[in-house]
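**Student:** Structure provided below as structure tokens; questions to follow.
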Amino acid sequence: MTKSANTMWGGRFAAGPDAIMEAINASIGYDRRLAPQDIAGSRAHAAMLAATGIISDSDAEAIREGLLTVLSEIETGEFPFSTALEDIHMNVEARLRDLIGEPAGRLHTARSRNDQVAVDFRLWVRDQCDQADEALAALQKALLGQAEAGADWVMPGFTHLQTAQPVTWGHHMLAYVEMFARDRSRFADARKRMNVSPLGCAALAGTSFPIDRDMTAHALGFDAPMANSLDAVADRDFALEFLASASICAMHLSRLAEELVIWSSAQFRFVKMSDKWSTGSSIMPQKRNPDAAELIRAKIGRIFGANVALMTVMKGLPLTYSKDMQEDKEQTFDAADNLILAVAAMTGMVADMTANREALKTAAASGFSTATDLADWLVRALGLPFRDAHHVTGSLVAMAESKGCDLPDLTLEDMQTVHEGITQDVFDVLGVENSVASRTSYGGTAPSQVRAQIAGWKEVLK
Ligand code: ARG
């Protein structure tokens with residue numbers, strides 16, 4: 001049996017598509033998410049067509065009411081989605097025709113699905129930038145809460161995951177507050193650049209109808225109409241900027257997730273996840289698994305994947321629109337959903353976790369973490385060149401290692417065998433609390449610095 005031709009372009013076609021053609025061609029399975037944006041775009045377009053005298057006011061009114069009905073049908077789940085109608089644009093228009101008849105056919109004047117989809121997707125991605133911003137602000141607040149609770153708690157700072165120098169818990173939490181602030185500013189930058197309107201660029205060349213593109217741009221909250229119709233229908237860099245920003249943000253989330261996995265292990269015990277954010281094992285009763293952190297770490301792959309996939313879709317396309325570009329949506333939706341979910345899960349975990357002050361402190365004091373303080377003291381108190389001080393300190397670390405003790409446990413006599421100038425004062429710098437308190441340079445880990453930074457962030461995030 002031959003299917004009848006598509007009602008949207010049936011004039012030129014005797015028969016409908018093969019079933020497999022329909023399957024590969026249809027995007028309605030996922031682009032139905034663009035329904036609210038599609039209807040907003042159509043409403044703006046119809047109002048403009050009437051204002052410029054291209055269609056009558058009564059047709060525009062019928063279209064407006066019909067579109068509101070379509071929207072409510074979609075919201076209540078009554079809308080009859082059809083794969084044969086390919087995508088959200090044609091589904092909406094066909095339903096509009098069922099509802100209001102002839103005026104529906106005038107909506108597509110001076111417009112094409114090419115500018116239509118560019119508008120819809122831009123509006124959707126713009127909204128995701130706002131949602132990401134809001135979610136990240138909540139995460140920053142959760143991190144700030146942790147920073148405040150333990151502004152002066154000492155913990156080991158790591159390089160190469162080897163104990164490096166003592167730092168403060170508040171300082172470590174604030175490092176992520178900074179990263180997520182940059183992520184927010186990347187989304188904000190991307191949003192600014194994407195906030196221009198493709199509507200009225202039609203298929204690719206613009207239109208001969210006397211449209212008012214400023215009017216539709218303004219109605220949809222865009223800053224201006226896009227200046228080149230070819231660019232407007234062919235470009236997807238707005239989605240790529242979103243995905244690139246999402247990828248960098250996801251990378252930050254994954255690093256924090258990795259730290260939480262390590263920190264919540266029995267070997268570290270730096271943090272305890274709340275019951276709400278832990279899972280047990282069906283066989284090992286002692287387990288408290290940080291599943292949410294692990295899933296965040298893993299889900300990040302989809303976001304990177306979406307970025308690479310869309311770059312790959314776009315990179316070989318001649319101007320302007322090619323159907324390849326229909327593949328821009330599904331993975332962007334998935335990436336955005338998973339980003340927002342990951343940020344929300346991270347926010348919950350961070351807000352609810354308890355840092356183990358004692359374990360942090362014990363770990364901070366191990367691994368000769370104040371060796372740099374000792375070297376600095378040799379420079380300051382004895383006037384040694386830093387390289388010599390580094391050498392002397394290295395010998396003292398080796399001595400402590402061979403005695404199975406830490407630097408502050410060496411006696412003054414022991415130390416003087418390595419350098420006779422060392423005095424009792426050296427012990428003032430060897431404790432971890434002394435060490436962190438001394439790091440008062442701007443951006444340093446001293447509690448005084450950390451508290452000043454917390455105060456600044458509280459202003460910004462309130
Ligand atoms: N569903 C299509 C997409 O997402 C809409 C644009 C179709 N345009 C066309 N000329 N076939 O890209």
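Chain labels A, B, ... are given in the sequence in which chains occur in the structure tokens; within each chain residues are numbered consecutively from 1, and ligands are likewise numbered from 1 in the order shown.
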Hey, which residues sit close to ligand 1? Say within 9 Å, counting only C-alpha atoms and all ligand atoms, and write them as a ChimeraX atom specification.

**Tutor:** /A:25-28,31,86-90,112-118,121,203,321-329

**Student:** Can I get the selected residues back with N, CA, C and O atoms, as a short mmCIF file (atom, residue, chain, number, x, y, z; two decimals), in the first residue's frame?

**Tutor:**
data_model
loop_
_atom_site.label_atom_id
_atom_site.label_comp_id
_atom_site.auth_asym_id
_atom_site.auth_seq_id
_atom_site.Cartn_x
_atom_site.Cartn_y
_atom_site.Cartn_z
N ASN A 25 14.00 10.13 9.12
CA ASN A 25 13.74 11.56 8.90
C ASN A 25 13.07 12.25 10.08
O ASN A 25 13.29 13.44 10.31
N ALA A 26 12.30 11.50 10.84
CA ALA A 26 11.48 12.13 11.88
C ALA A 26 12.31 12.57 13.08
O ALA A 26 13.22 11.86 13.52
N SER A 27 12.01 13.73 13.58
CA SER A 27 12.66 14.20 14.81
C SER A 27 11.63 14.46 15.91
O SER A 27 11.98 14.88 17.01
N ILE A 28 10.37 14.19 15.63
CA ILE A 28 9.32 14.54 16.59
C ILE A 28 9.50 13.80 17.92
O ILE A 28 9.09 14.30 18.97
N ASP A 31 12.21 16.39 19.30
CA ASP A 31 12.09 17.85 19.21
C ASP A 31 10.74 18.36 19.70
O ASP A 31 10.51 19.57 19.75
N GLU A 86 6.77 14.41 10.87
CA GLU A 86 8.21 14.63 10.97
C GLU A 86 8.71 15.36 12.21
O GLU A 86 9.46 14.82 13.00
N ASP A 87 8.34 16.62 12.36
CA ASP A 87 8.96 17.38 13.45
C ASP A 87 7.93 18.26 14.16
O ASP A 87 6.76 18.29 13.80
N ILE A 88 8.39 18.95 15.17
CA ILE A 88 7.48 19.75 15.99
C ILE A 88 6.83 20.87 15.17
O ILE A 88 5.64 21.18 15.36
N HIS A 89 7.59 21.42 14.21
CA HIS A 89 7.05 22.56 13.45
C HIS A 89 5.83 22.13 12.64
O HIS A 89 4.81 22.81 12.62
N MET A 90 5.94 20.99 11.96
CA MET A 90 4.84 20.55 11.11
C MET A 90 3.71 19.94 11.94
O MET A 90 2.55 20.04 11.56
N SER A 112 10.41 29.95 7.12
CA SER A 112 10.75 28.60 6.68
C SER A 112 11.01 27.80 7.94
O SER A 112 11.24 28.36 9.02
N ARG A 113 11.00 26.49 7.83
CA ARG A 113 11.40 25.71 9.01
C ARG A 113 12.86 25.97 9.36
O ARG A 113 13.28 25.72 10.48
N ASN A 114 13.61 26.49 8.39
CA ASN A 114 15.03 26.72 8.68
C ASN A 114 15.25 27.84 9.70
O ASN A 114 16.06 27.69 10.62
N ASP A 115 14.55 28.96 9.51
CA ASP A 115 14.68 30.00 10.55
C ASP A 115 13.87 29.63 11.78
O ASP A 115 14.25 29.93 12.91
N GLN A 116 12.79 28.88 11.55
CA GLN A 116 11.94 28.48 12.68
C GLN A 116 12.72 27.61 13.67
O GLN A 116 12.71 27.86 14.87
N VAL A 117 13.40 26.59 13.16
CA VAL A 117 14.12 25.69 14.07
C VAL A 117 15.29 26.42 14.72
O VAL A 117 15.62 26.19 15.89
N ALA A 118 15.90 27.34 13.96
CA ALA A 118 17.03 28.09 14.54
C ALA A 118 16.55 28.95 15.71
O ALA A 118 17.24 29.06 16.73
N PHE A 121 15.48 26.48 18.79
CA PHE A 121 16.60 25.86 19.48
C PHE A 121 17.41 26.90 20.25
O PHE A 121 17.87 26.67 21.37
N ALA A 203 14.12 30.73 4.43
CA ALA A 203 14.84 29.50 4.09
C ALA A 203 16.35 29.72 4.17
O ALA A 203 17.09 28.92 4.72
N TYR A 321 21.62 25.48 5.39
CA TYR A 321 21.05 24.36 6.14
C TYR A 321 21.26 23.04 5.43
O TYR A 321 21.12 22.95 4.21
N SER A 322 21.62 22.02 6.16
CA SER A 322 21.56 20.63 5.69
C SER A 322 20.83 19.83 6.76
O SER A 322 20.88 20.18 7.94
N LYS A 323 20.22 18.75 6.32
CA LYS A 323 19.41 17.98 7.28
C LYS A 323 20.26 17.39 8.39
O LYS A 323 19.76 17.06 9.47
N ASP A 324 21.56 17.27 8.13
CA ASP A 324 22.48 16.84 9.19
C ASP A 324 22.20 17.60 10.50
O ASP A 324 22.36 17.08 11.60
N MET A 325 21.82 18.88 10.31
CA MET A 325 21.71 19.76 11.48
C MET A 325 20.56 19.39 12.40
O MET A 325 20.51 19.85 13.54
N GLN A 326 19.67 18.53 11.93
CA GLN A 326 18.61 18.03 12.81
C GLN A 326 19.22 17.23 13.96
O GLN A 326 18.61 17.08 15.01
N GLU A 327 20.44 16.72 13.73
CA GLU A 327 21.13 15.94 14.77
C GLU A 327 21.75 16.84 15.85
O GLU A 327 22.52 16.37 16.68
N ASP A 328 21.46 18.13 15.80
CA ASP A 328 22.01 19.03 16.83
C ASP A 328 21.28 18.89 18.17
O ASP A 328 21.83 19.25 19.20
N LYS A 329 20.03 18.40 18.12
CA LYS A 329 19.18 18.56 19.28
C LYS A 329 19.28 17.47 20.33
O LYS A 329 19.44 17.77 21.53
#

**Student:** Could you pull the residues within 9 Å of stretch 252-256 of chain A, counting only C-alpha atoms, minus those fewer than 6 positions along the same chain, as a list in words?

**Tutor:** Tyr176, Met179, Phe180, Asp183, Ala293, Glu294, Ile296, Arg297, Ala298, Lys299, Ile300, Ala342, Val343 and Met346 of chain A

**Student:** Go ahead and save the picked residues with N, CA and C atoms, as a CSV table (one decimal), in the first residue's frame.

**Tutor:**
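Saved to out-v7.csv:
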chain,number,residue,atom,x,y,z
A,176,TYR,N,36.7,25.6,44.5
A,176,TYR,CA,35.6,25.2,43.6
A,176,TYR,C,34.6,26.3,43.4
A,179,MET,N,36.0,28.1,40.6
A,179,MET,CA,35.8,27.4,39.3
A,179,MET,C,34.4,27.6,38.8
A,180,PHE,N,33.4,27.4,39.7
A,180,PHE,CA,32.0,27.4,39.2
A,180,PHE,C,31.6,28.9,38.9
A,183,ASP,N,32.6,29.1,35.4
A,183,ASP,CA,31.7,28.4,34.6
A,183,ASP,C,30.4,29.3,34.3
A,293,ALA,N,28.4,10.6,43.6
A,293,ALA,CA,29.7,11.2,43.1
A,293,ALA,C,30.2,10.4,41.9
A,294,GLU,N,30.2,9.1,42.0
A,294,GLU,CA,30.6,8.3,40.9
A,294,GLU,C,29.8,8.5,39.6
A,296,ILE,N,28.1,11.2,38.8
A,296,ILE,CA,28.5,12.5,38.3
A,296,ILE,C,29.7,12.4,37.5
A,297,ARG,N,30.7,11.7,38.0
A,297,ARG,CA,32.0,11.5,37.3
A,297,ARG,C,31.8,10.8,36.0
A,298,ALA,N,30.9,9.9,36.0
A,298,ALA,CA,30.6,9.1,34.8
A,298,ALA,C,29.8,9.8,33.7
A,299,LYS,N,28.8,10.5,34.2
A,299,LYS,CA,27.8,11.2,33.3
A,299,LYS,C,28.5,12.3,32.5
A,300,ILE,N,29.6,12.8,33.0
A,300,ILE,CA,30.3,13.9,32.4
A,300,ILE,C,30.7,13.4,30.9
A,342,ALA,N,23.5,16.7,37.4
A,342,ALA,CA,24.8,16.5,38.1
A,342,ALA,C,25.1,17.6,39.1
A,343,VAL,N,24.8,18.9,38.6
A,343,VAL,CA,25.0,20.0,39.5
A,343,VAL,C,24.1,19.9,40.7
A,346,MET,N,25.4,17.2,43.0
A,346,MET,CA,26.6,17.7,43.7
A,346,MET,C,26.2,18.7,44.8

**Student:** Between A:Val426, A:Met48, A:Ala35, A:Ala164, single out the one closest to A:Asp214, counting only C-alpha atoms.

**Tutor:**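 When distances to A:Asp214 are compared using only C-alpha atoms, the smallest one comes from A:Met48.
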
**Student:** Residues near stretch 375-392 of chain A, anyone? I mean within 9 Å using only C-alpha atoms, not counting same-chain ones fewer than 4 positions away, as a list in words.

**Tutor:**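 What passes the distance filter is Thr370, Ala371, Leu396, Val397, Val418, His419, Gly421, Ile422, Asp425, Val426 and Val429 of chain A.
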
**Student:** Take the selection from the previous step and output its residues with N, CA, C and O atoms, as a short mmCIF file (atom, residue, chain, number, x, y, z; two decimals), in the first residue's frame.

**Tutor:**
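The new file out_36.cif reads:
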data_model
loop_
_atom_site.label_atom_id
_atom_site.label_comp_id
_atom_site.auth_asym_id
_atom_site.auth_seq_id
_atom_site.Cartn_x
_atom_site.Cartn_y
_atom_site.Cartn_z
N THR A 370 55.27 20.17 56.47
CA THR A 370 55.78 21.51 56.78
C THR A 370 57.24 21.68 56.37
O THR A 370 57.93 22.60 56.83
N ALA A 371 57.70 20.80 55.50
CA ALA A 371 59.10 20.89 55.05
C ALA A 371 59.38 22.25 54.38
O ALA A 371 60.45 22.84 54.57
N LEU A 396 67.08 16.82 56.63
CA LEU A 396 66.30 16.65 57.87
C LEU A 396 65.11 15.72 57.65
O LEU A 396 64.78 14.91 58.52
N VAL A 397 64.48 15.83 56.47
CA VAL A 397 63.37 14.92 56.15
C VAL A 397 63.88 13.48 56.11
O VAL A 397 63.26 12.56 56.68
N VAL A 418 72.73 18.57 61.26
CA VAL A 418 72.61 18.87 59.83
C VAL A 418 73.02 20.30 59.54
O VAL A 418 73.72 20.60 58.58
N HIS A 419 72.55 21.25 60.39
CA HIS A 419 72.99 22.65 60.26
C HIS A 419 73.10 23.25 61.65
O HIS A 419 72.09 23.39 62.36
N GLY A 421 73.45 26.15 62.78
CA GLY A 421 72.81 27.45 63.09
C GLY A 421 71.36 27.34 63.55
O GLY A 421 70.77 28.31 64.03
N ILE A 422 70.75 26.16 63.39
CA ILE A 422 69.32 26.02 63.73
C ILE A 422 69.09 26.25 65.23
O ILE A 422 69.88 25.78 66.06
N ASP A 425 63.76 28.32 67.88
CA ASP A 425 62.67 29.04 67.19
C ASP A 425 62.08 28.26 66.01
O ASP A 425 60.95 28.52 65.59
N VAL A 426 62.87 27.34 65.46
CA VAL A 426 62.40 26.61 64.29
C VAL A 426 61.09 25.88 64.57
O VAL A 426 60.25 25.73 63.69
N VAL A 429 57.57 27.16 63.48
CA VAL A 429 57.00 27.08 62.12
C VAL A 429 56.64 25.66 61.73
O VAL A 429 56.07 25.42 60.65
#

**Student:** One number please: atom CA of A:Glu241 to atom CA of A:Arg33, in Å, one decimal.

**Tutor:**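 Atom-to-atom, atom CA of A:Glu241 to atom CA of A:Arg33, that is 20.3 Å.
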
**Student:** Using DSSP assignments from the backbone, pull out every residue in stretch 147-296 of chain A that falls under helix (DSSP H, G or I) and give it to me as a PyMOL selection string.

**Tutor:** chain A and resi 147-149+169-194+213-219+229-234+237-263+275-277+291-296
